[in-house]
Structures are given as structure tokens and as C-alpha cells.
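**Q** Here it is: the structure, laid out below.
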Amino acid sequence: MRSLPTLTLAAAAALAAPAHAHKAHVHGVMNLNLAIDGPVLVVELVTPQDSVVGHERRPRPGAETTAAAAALALLSEAPRWLQPDAAAGCSAGPVTIVPGKLEGPAPAGEKDSGHADVEARVEWRCQAPAALKGVDVLLFDAFRRAERIDVQVAGGSGPAKQTLRRGQRRVALAR
């Protein structure tokens, strides 16, 4: 059952860019892919590290290390950044995070330059999936450098795209 949501999520991600092109890494722009398959809602966030903490290098000791740890802690708790409709009775599973350069010392030989992305993936199980009409995205509240969230939705009544800007948080899920 886990393979179908993964395939559905891959379809949502494919909507984001033509197969021959790589989605541009744009500071301030987060990408959120949602895939619905029956009682399962799969969510994948991909964002430039700069949109989360303001830089794309390893954090310096002190305030930057504290900010990086706080960002990763928030992302590891899916209900803090994404809230499906309460009537659907959805529960988040564990969050898988690819931390970019936010965690740990640099591997030997790594140059601390270039782009870094942070990724988070979580599966939600919903007791009443028919009641899942939308989700509230709370990423703007947590990450001040985020300016736009490009959303891809697969499943339900078919693929859809939506763009959220500051002050917007609701993603409608056509079912």
C-alpha cells in the first residue's frame, strides 16, 4: 500500500517541471507536493535552506546552530507546519528529513558553498478521508524568509497546482 502513495507523489512532483528540466532552486520559494490515495495523504516539502535559516552553509556556532536545530525540530513535527481538516481525523507518521547543511559537521573535503535544499516527507493516515477537503500550511508562520509556496496536488479529482503567498495558508483538495 505504501508504493501507490509514493507513485502518486512522484506524479505530483513530475507536474512541477518538465521531465527534461530540473526545478529551479529559488530562494524564498518552497515546493510542497501533496498526494492523496484513499486514507493516505503523502506530503513532501522541498525548500532552499536559505528560505529556512537565511544561508546555505553549515551553521556557525551559537545563534545559527540554535536556529538550525529549531528549524529541524519544527519540521520533524508535521502538525506544526501542516494541518489537515480536523474532521478527517488524520494522524501524521514519522517525518523523514534531508537536512541540507543544517546538521552535523561538514564531511571531509566538502566545500561549504553552493546550493543546499532541506526536504521533509510525511505520510498522514486519515480515518475519514472523504472529510479531507483541504490542509492549512503554516510554513509562513515559522519561516520568515519564505515568500511563496508552490503546491502540487495529485489524487482526488486529479492533479492541481496552487500558489500560496504570505497571508494565505489554505490548500483546497478537490475530491
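Residues in the C-alpha cells are numbered from 1 in each chain, the chains being A, B, ... in the order shown, and ligands are numbered from 1 in the order shown.
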Residues of range 45-132 of chain A in strand (DSSP E or B) according to DSSP, as a PDB file with N, CA and C atoms, in the first residue's frame?

**A**
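And here is the file that came out, part.pdb:
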```pdb
ATOM      1  N   LEU A  45       7.911  18.320   1.286  1.00  0.00           N
ATOM      2  CA  LEU A  45       8.354  19.706   1.227  1.00  0.00           C
ATOM      3  C   LEU A  45       9.799  19.721   0.750  1.00  0.00           C
ATOM      4  N   VAL A  46      10.087  20.556  -0.235  1.00  0.00           N
ATOM      5  CA  VAL A  46      11.456  20.770  -0.708  1.00  0.00           C
ATOM      6  C   VAL A  46      11.650  22.275  -0.761  1.00  0.00           C
ATOM      7  N   THR A  47      12.694  22.754  -0.067  1.00  0.00           N
ATOM      8  CA  THR A  47      12.917  24.191   0.002  1.00  0.00           C
ATOM      9  C   THR A  47      14.405  24.505   0.050  1.00  0.00           C
ATOM     10  N   PRO A  48      14.810  25.613  -0.548  1.00  0.00           N
ATOM     11  CA  PRO A  48      16.193  26.040  -0.356  1.00  0.00           C
ATOM     12  C   PRO A  48      16.451  26.265   1.139  1.00  0.00           C
ATOM     13  N   LEU A  82       1.743  21.648   9.041  1.00  0.00           N
ATOM     14  CA  LEU A  82       0.675  21.257   8.128  1.00  0.00           C
ATOM     15  C   LEU A  82      -0.480  20.703   8.953  1.00  0.00           C
ATOM     16  N   GLN A  83      -1.692  21.203   8.687  1.00  0.00           N
ATOM     17  CA  GLN A  83      -2.853  20.756   9.445  1.00  0.00           C
ATOM     18  C   GLN A  83      -3.980  20.366   8.498  1.00  0.00           C
ATOM     19  N   PRO A  84      -4.166  19.051   8.307  1.00  0.00           N
ATOM     20  CA  PRO A  84      -5.317  18.598   7.518  1.00  0.00           C
ATOM     21  C   PRO A  84      -6.612  18.915   8.265  1.00  0.00           C
ATOM     22  N   CYS A  90      -6.936  12.834  10.692  1.00  0.00           N
ATOM     23  CA  CYS A  90      -5.638  12.404  10.155  1.00  0.00           C
ATOM     24  C   CYS A  90      -4.558  12.405  11.245  1.00  0.00           C
ATOM     25  N   SER A  91      -3.706  11.397  11.209  1.00  0.00           N
ATOM     26  CA  SER A  91      -2.568  11.287  12.122  1.00  0.00           C
ATOM     27  C   SER A  91      -1.295  11.214  11.303  1.00  0.00           C
ATOM     28  N   ALA A  92      -0.314  11.997  11.697  1.00  0.00           N
ATOM     29  CA  ALA A  92       0.961  12.029  10.985  1.00  0.00           C
ATOM     30  C   ALA A  92       1.846  10.875  11.431  1.00  0.00           C
ATOM     31  N   THR A  96      10.454  12.152   7.651  1.00  0.00           N
ATOM     32  CA  THR A  96      11.801  11.900   7.143  1.00  0.00           C
ATOM     33  C   THR A  96      12.355  13.236   6.669  1.00  0.00           C
ATOM     34  N   ILE A  97      13.525  13.594   7.183  1.00  0.00           N
ATOM     35  CA  ILE A  97      14.115  14.886   6.834  1.00  0.00           C
ATOM     36  C   ILE A  97      15.479  14.682   6.186  1.00  0.00           C
ATOM     37  N   VAL A  98      15.697  15.389   5.089  1.00  0.00           N
ATOM     38  CA  VAL A  98      17.022  15.528   4.498  1.00  0.00           C
ATOM     39  C   VAL A  98      17.441  16.950   4.856  1.00  0.00           C
ATOM     40  N   ASP A 117      19.421  22.262  -0.184  1.00  0.00           N
ATOM     41  CA  ASP A 117      17.980  22.152  -0.006  1.00  0.00           C
ATOM     42  C   ASP A 117      17.688  21.373   1.264  1.00  0.00           C
ATOM     43  N   VAL A 118      16.565  21.684   1.875  1.00  0.00           N
ATOM     44  CA  VAL A 118      16.047  20.941   3.010  1.00  0.00           C
ATOM     45  C   VAL A 118      14.772  20.259   2.522  1.00  0.00           C
ATOM     46  N   GLU A 119      14.620  18.977   2.873  1.00  0.00           N
ATOM     47  CA  GLU A 119      13.450  18.227   2.455  1.00  0.00           C
ATOM     48  C   GLU A 119      12.807  17.570   3.667  1.00  0.00           C
ATOM     49  N   ALA A 120      11.487  17.489   3.641  1.00  0.00           N
ATOM     50  CA  ALA A 120      10.739  16.788   4.684  1.00  0.00           C
ATOM     51  C   ALA A 120       9.617  16.008   4.006  1.00  0.00           C
ATOM     52  N   ARG A 121       9.412  14.774   4.463  1.00  0.00           N
ATOM     53  CA  ARG A 121       8.372  13.916   3.887  1.00  0.00           C
ATOM     54  C   ARG A 121       7.634  13.221   5.024  1.00  0.00           C
ATOM     55  N   VAL A 122       6.304  13.198   4.924  1.00  0.00           N
ATOM     56  CA  VAL A 122       5.483  12.569   5.954  1.00  0.00           C
ATOM     57  C   VAL A 122       4.229  11.975   5.321  1.00  0.00           C
ATOM     58  N   GLU A 123       3.798  10.849   5.872  1.00  0.00           N
ATOM     59  CA  GLU A 123       2.532  10.247   5.470  1.00  0.00           C
ATOM     60  C   GLU A 123       1.534  10.424   6.602  1.00  0.00           C
ATOM     61  N   TRP A 124       0.369  10.905   6.241  1.00  0.00           N
ATOM     62  CA  TRP A 124      -0.746  11.047   7.174  1.00  0.00           C
ATOM     63  C   TRP A 124      -1.745   9.945   6.866  1.00  0.00           C
ATOM     64  N   ARG A 125      -2.317   9.326   7.897  1.00  0.00           N
ATOM     65  CA  ARG A 125      -3.395   8.339   7.754  1.00  0.00           C
ATOM     66  C   ARG A 125      -4.677   8.996   8.255  1.00  0.00           C
ATOM     67  N   CYS A 126      -5.707   8.967   7.432  1.00  0.00           N
ATOM     68  CA  CYS A 126      -6.953   9.650   7.764  1.00  0.00           C
ATOM     69  C   CYS A 126      -8.070   8.640   8.011  1.00  0.00           C
TER      70      CYS A 126
END
```

**Q** Can you list every residue of range 53-80 of chain A that has an atom at most 12 Å from range 143-153 of chain A, with its nearest atom pair and the distance in Å to one decimal, using only C-alpha atoms, ordered by chain then number, as a Markdown table?

**A**
```
| residue | atom | partner | partner_atom | distance |
| --- | --- | --- | --- | --- |
| A:Val53 | CA | A:Phe143 | CA | 7.6 |
| A:Gly54 | CA | A:Arg145 | CA | 6.9 |
| A:His55 | CA | A:Arg145 | CA | 10.3 |
| A:Ala67 | CA | A:Phe143 | CA | 10.7 |
| A:Ala68 | CA | A:Phe143 | CA | 11.4 |
| A:Ala70 | CA | A:Phe143 | CA | 10.9 |
| A:Ala71 | CA | A:Phe143 | CA | 8.3 |
| A:Leu72 | CA | A:Phe143 | CA | 11.6 |
| A:Leu74 | CA | A:Phe143 | CA | 10.2 |
| A:Leu75 | CA | A:Phe143 | CA | 10.8 |
| A:Arg80 | CA | A:Phe143 | CA | 12.0 |
```

**Q** Excluding Leu34 in chain A and its own-chain neighbours fewer than 3 positions away, which residues fall within 8 Å of it when counting only C-alpha atoms? Please give them as a PyMOL selection string.

**A** chain A and resi 9+12+41-44+151-154

**Q** Would you mind exporting the chosen residues as an mmCIF file, in the first residue's frame, restricted to N, CA and C atoms?

**A**
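Contents of out.cif, freshly written:
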```cif
data_model
loop_
_atom_site.group_PDB
_atom_site.id
_atom_site.type_symbol
_atom_site.label_atom_id
_atom_site.label_comp_id
_atom_site.auth_asym_id
_atom_site.auth_seq_id
_atom_site.Cartn_x
_atom_site.Cartn_y
_atom_site.Cartn_z
ATOM 1 N N LEU A 9 2.842 10.530 -5.387
ATOM 2 C CA LEU A 9 3.675 11.677 -5.067
ATOM 3 C C LEU A 9 4.655 11.953 -6.194
ATOM 4 N N ALA A 12 2.887 13.886 -8.716
ATOM 5 C CA ALA A 12 2.741 15.289 -8.321
ATOM 6 C C ALA A 12 4.033 16.048 -8.545
ATOM 7 N N LEU A 41 -2.500 10.520 2.946
ATOM 8 C CA LEU A 41 -2.066 11.806 2.407
ATOM 9 C C LEU A 41 -0.551 11.847 2.563
ATOM 10 N N VAL A 42 0.147 11.892 1.453
ATOM 11 C CA VAL A 42 1.605 11.964 1.466
ATOM 12 C C VAL A 42 2.000 13.406 1.187
ATOM 13 N N VAL A 43 2.885 13.940 2.011
ATOM 14 C CA VAL A 43 3.299 15.331 1.894
ATOM 15 C C VAL A 43 4.818 15.377 1.776
ATOM 16 N N GLU A 44 5.295 16.148 0.807
ATOM 17 C CA GLU A 44 6.733 16.322 0.614
ATOM 18 C C GLU A 44 7.018 17.813 0.456
ATOM 19 N N VAL A 151 2.468 24.696 -4.728
ATOM 20 C CA VAL A 151 1.841 23.457 -4.284
ATOM 21 C C VAL A 151 1.401 22.636 -5.487
ATOM 22 N N GLN A 152 1.709 21.349 -5.443
ATOM 23 C CA GLN A 152 1.252 20.386 -6.437
ATOM 24 C C GLN A 152 0.393 19.368 -5.695
ATOM 25 N N VAL A 153 -0.779 19.059 -6.235
ATOM 26 C CA VAL A 153 -1.656 18.070 -5.618
ATOM 27 C C VAL A 153 -1.950 16.995 -6.653
ATOM 28 N N ALA A 154 -1.797 15.732 -6.245
ATOM 29 C CA ALA A 154 -2.140 14.591 -7.097
ATOM 30 C C ALA A 154 -3.112 13.709 -6.329
#
```

**Q** State, in Å with one decimal place, the distance from CA of Ile36 in chain A to CA of Gly155 in chain A.

**A**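 Computing it gives 4.8 Å between the two atoms.
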
**Q** Tell me which of A:Ala78, A:Val171, A:Ala116, A:Ala73 sits closest to Val26 in chain A, counting only C-alpha atoms.

**A**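 Selected residue with least distance to Val26 in chain A: A:Ala116.
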
**Q** Of the residues A:Gly62, A:Val137, A:Ser76, A:Leu132, which is the one nearest to Arg165 in chain A, using only C-alpha atoms?

**A**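 Under the stated criterion, the closest residue is A:Val137.
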
**Q** Could you give me, as an MDAnalysis selection string, each residue of range 3-153 of chain A that DSSP assigns to helix (DSSP H, G or I) when run on this structure's backbone?

**A** chainID A and resid 3:15 49:53 63:75 78:80 86:88 129:131 139:142

**Q** Please produce a file of those selected residues containing N, CA and C atoms, as a compact mmCIF listing (two decimals), in the first residue's frame.

**A**
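out.txt written:
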```
# COMPACT_ATOMS: atom_id res chain seq x y z
N SER A 3 3.50 1.78 -1.80
CA SER A 3 4.05 2.11 -3.10
C SER A 3 3.14 3.01 -3.91
N LEU A 4 1.82 2.85 -3.79
CA LEU A 4 0.92 3.70 -4.56
C LEU A 4 1.01 5.16 -4.15
N PRO A 5 0.99 5.49 -2.83
CA PRO A 5 1.17 6.91 -2.49
C PRO A 5 2.49 7.46 -2.98
N THR A 6 3.54 6.63 -2.94
CA THR A 6 4.84 7.08 -3.42
C THR A 6 4.77 7.36 -4.91
N LEU A 7 4.10 6.48 -5.66
CA LEU A 7 3.95 6.72 -7.09
C LEU A 7 3.10 7.95 -7.35
N THR A 8 2.05 8.12 -6.57
CA THR A 8 1.21 9.30 -6.72
C THR A 8 2.01 10.56 -6.43
N LEU A 9 2.84 10.53 -5.39
CA LEU A 9 3.67 11.68 -5.07
C LEU A 9 4.65 11.95 -6.19
N ALA A 10 5.19 10.91 -6.79
CA ALA A 10 6.10 11.10 -7.93
C ALA A 10 5.36 11.79 -9.07
N ALA A 11 4.10 11.44 -9.27
CA ALA A 11 3.31 12.10 -10.31
C ALA A 11 3.13 13.57 -9.98
N ALA A 12 2.89 13.89 -8.72
CA ALA A 12 2.74 15.29 -8.32
C ALA A 12 4.03 16.05 -8.54
N ALA A 13 5.15 15.43 -8.19
CA ALA A 13 6.44 16.09 -8.38
C ALA A 13 6.73 16.31 -9.87
N ALA A 14 6.31 15.35 -10.69
CA ALA A 14 6.54 15.49 -12.13
C ALA A 14 5.77 16.67 -12.71
N LEU A 15 4.66 17.03 -12.09
CA LEU A 15 3.90 18.18 -12.56
C LEU A 15 4.67 19.48 -12.38
N GLN A 49 17.59 25.85 1.59
CA GLN A 49 17.95 26.04 3.00
C GLN A 49 17.88 27.51 3.38
N ASP A 50 18.20 28.39 2.45
CA ASP A 50 18.15 29.83 2.70
C ASP A 50 16.75 30.27 3.12
N SER A 51 15.72 29.65 2.59
CA SER A 51 14.34 30.02 2.93
C SER A 51 13.99 29.62 4.36
N VAL A 52 14.77 28.72 4.94
CA VAL A 52 14.52 28.23 6.29
C VAL A 52 15.35 28.99 7.33
N VAL A 53 16.65 29.19 7.04
CA VAL A 53 17.54 29.81 8.03
C VAL A 53 18.35 31.00 7.52
N ALA A 63 24.03 31.31 17.69
CA ALA A 63 22.66 31.58 17.24
C ALA A 63 22.28 30.80 15.97
N GLU A 64 23.21 30.67 15.04
CA GLU A 64 22.90 29.96 13.80
C GLU A 64 22.66 28.47 14.07
N THR A 65 23.47 27.88 14.94
CA THR A 65 23.28 26.47 15.28
C THR A 65 21.94 26.28 16.00
N THR A 66 21.60 27.21 16.87
CA THR A 66 20.32 27.15 17.58
C THR A 66 19.16 27.28 16.61
N ALA A 67 19.25 28.20 15.65
CA ALA A 67 18.19 28.39 14.66
C ALA A 67 18.04 27.15 13.76
N ALA A 68 19.15 26.54 13.38
CA ALA A 68 19.10 25.34 12.55
C ALA A 68 18.42 24.20 13.30
N ALA A 69 18.78 24.02 14.56
CA ALA A 69 18.17 22.97 15.37
C ALA A 69 16.67 23.21 15.54
N ALA A 70 16.29 24.46 15.74
CA ALA A 70 14.87 24.80 15.90
C ALA A 70 14.09 24.53 14.61
N ALA A 71 14.67 24.86 13.47
CA ALA A 71 14.02 24.61 12.19
C ALA A 71 13.81 23.12 11.97
N LEU A 72 14.84 22.33 12.24
CA LEU A 72 14.72 20.88 12.07
C LEU A 72 13.72 20.29 13.06
N ALA A 73 13.69 20.80 14.29
CA ALA A 73 12.73 20.32 15.28
C ALA A 73 11.30 20.60 14.82
N LEU A 74 11.07 21.79 14.29
CA LEU A 74 9.74 22.13 13.80
C LEU A 74 9.34 21.21 12.65
N LEU A 75 10.23 21.03 11.68
CA LEU A 75 9.91 20.18 10.53
C LEU A 75 9.67 18.73 10.94
N ALA A 78 5.24 17.27 12.04
CA ALA A 78 4.39 17.66 10.92
C ALA A 78 3.18 18.50 11.30
N PRO A 79 2.48 18.23 12.41
CA PRO A 79 1.32 19.07 12.73
C PRO A 79 1.67 20.54 13.02
N ARG A 80 2.94 20.83 13.24
CA ARG A 80 3.34 22.23 13.47
C ARG A 80 3.43 23.02 12.17
N ALA A 86 -9.62 18.83 10.48
CA ALA A 86 -9.80 18.04 11.70
C ALA A 86 -10.85 16.95 11.51
N ALA A 87 -11.89 17.22 10.73
CA ALA A 87 -12.96 16.24 10.54
C ALA A 87 -12.46 14.95 9.88
N ALA A 88 -11.34 15.01 9.19
CA ALA A 88 -10.80 13.82 8.52
C ALA A 88 -10.09 12.88 9.49
N PRO A 129 -11.35 9.89 5.24
CA PRO A 129 -10.72 10.59 4.12
C PRO A 129 -11.69 11.43 3.28
N ALA A 130 -12.96 11.08 3.25
CA ALA A 130 -13.93 11.88 2.48
C ALA A 130 -14.09 13.28 3.07
N ALA A 131 -13.77 13.43 4.36
CA ALA A 131 -13.87 14.73 5.03
C ALA A 131 -12.63 15.60 4.82
N LEU A 139 3.79 27.14 7.15
CA LEU A 139 5.22 27.39 6.92
C LEU A 139 5.58 28.87 6.95
N PHE A 140 4.69 29.74 6.50
CA PHE A 140 4.99 31.18 6.55
C PHE A 140 5.15 31.67 7.98
N ASP A 141 4.38 31.08 8.90
CA ASP A 141 4.48 31.47 10.32
C ASP A 141 5.85 31.14 10.89
N ALA A 142 6.41 30.04 10.45
CA ALA A 142 7.66 29.56 11.01
C ALA A 142 8.90 30.12 10.31
```

**Q** Tell me, as a PDB file with C-alpha atoms, in the first residue's frame, which residues lie within 12 Å of Gly104 in chain A, counting only C-alpha atoms; anything in the same chain fewer than 3 positions away does not count.

**A**
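Wrote selection31.pdb, looks like this:
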```pdb
ATOM      1  CA  ARG A  57      26.203  26.737   4.502  1.00  0.00           C
ATOM      2  CA  ARG A  58      26.823  24.906   7.728  1.00  0.00           C
ATOM      3  CA  PRO A  59      25.552  26.987  10.674  1.00  0.00           C
ATOM      4  CA  ARG A  60      28.119  28.821  12.762  1.00  0.00           C
ATOM      5  CA  PRO A  61      28.274  28.044  16.487  1.00  0.00           C
ATOM      6  CA  THR A  65      23.277  26.472  15.284  1.00  0.00           C
ATOM      7  CA  ALA A  68      19.099  25.339  12.551  1.00  0.00           C
ATOM      8  CA  ALA A  69      18.175  22.965  15.373  1.00  0.00           C
ATOM      9  CA  PRO A  99      18.621  18.418   6.413  1.00  0.00           C
ATOM     10  CA  GLY A 100      20.746  20.018   3.726  1.00  0.00           C
ATOM     11  CA  LYS A 101      23.720  21.511   5.581  1.00  0.00           C
ATOM     12  CA  PRO A 107      32.126  15.761   5.702  1.00  0.00           C
ATOM     13  CA  ALA A 108      35.853  15.741   4.930  1.00  0.00           C
TER      14      ALA A 108
END
```

**Q** Could you tell me how far CA of Leu138 in chain A sits from CA of Glu77 in chain A, in Å to one decimal place?

**A**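 Computed distance, CA of Glu77 in chain A to CA of Leu138 in chain A, equals 11.9 Å.
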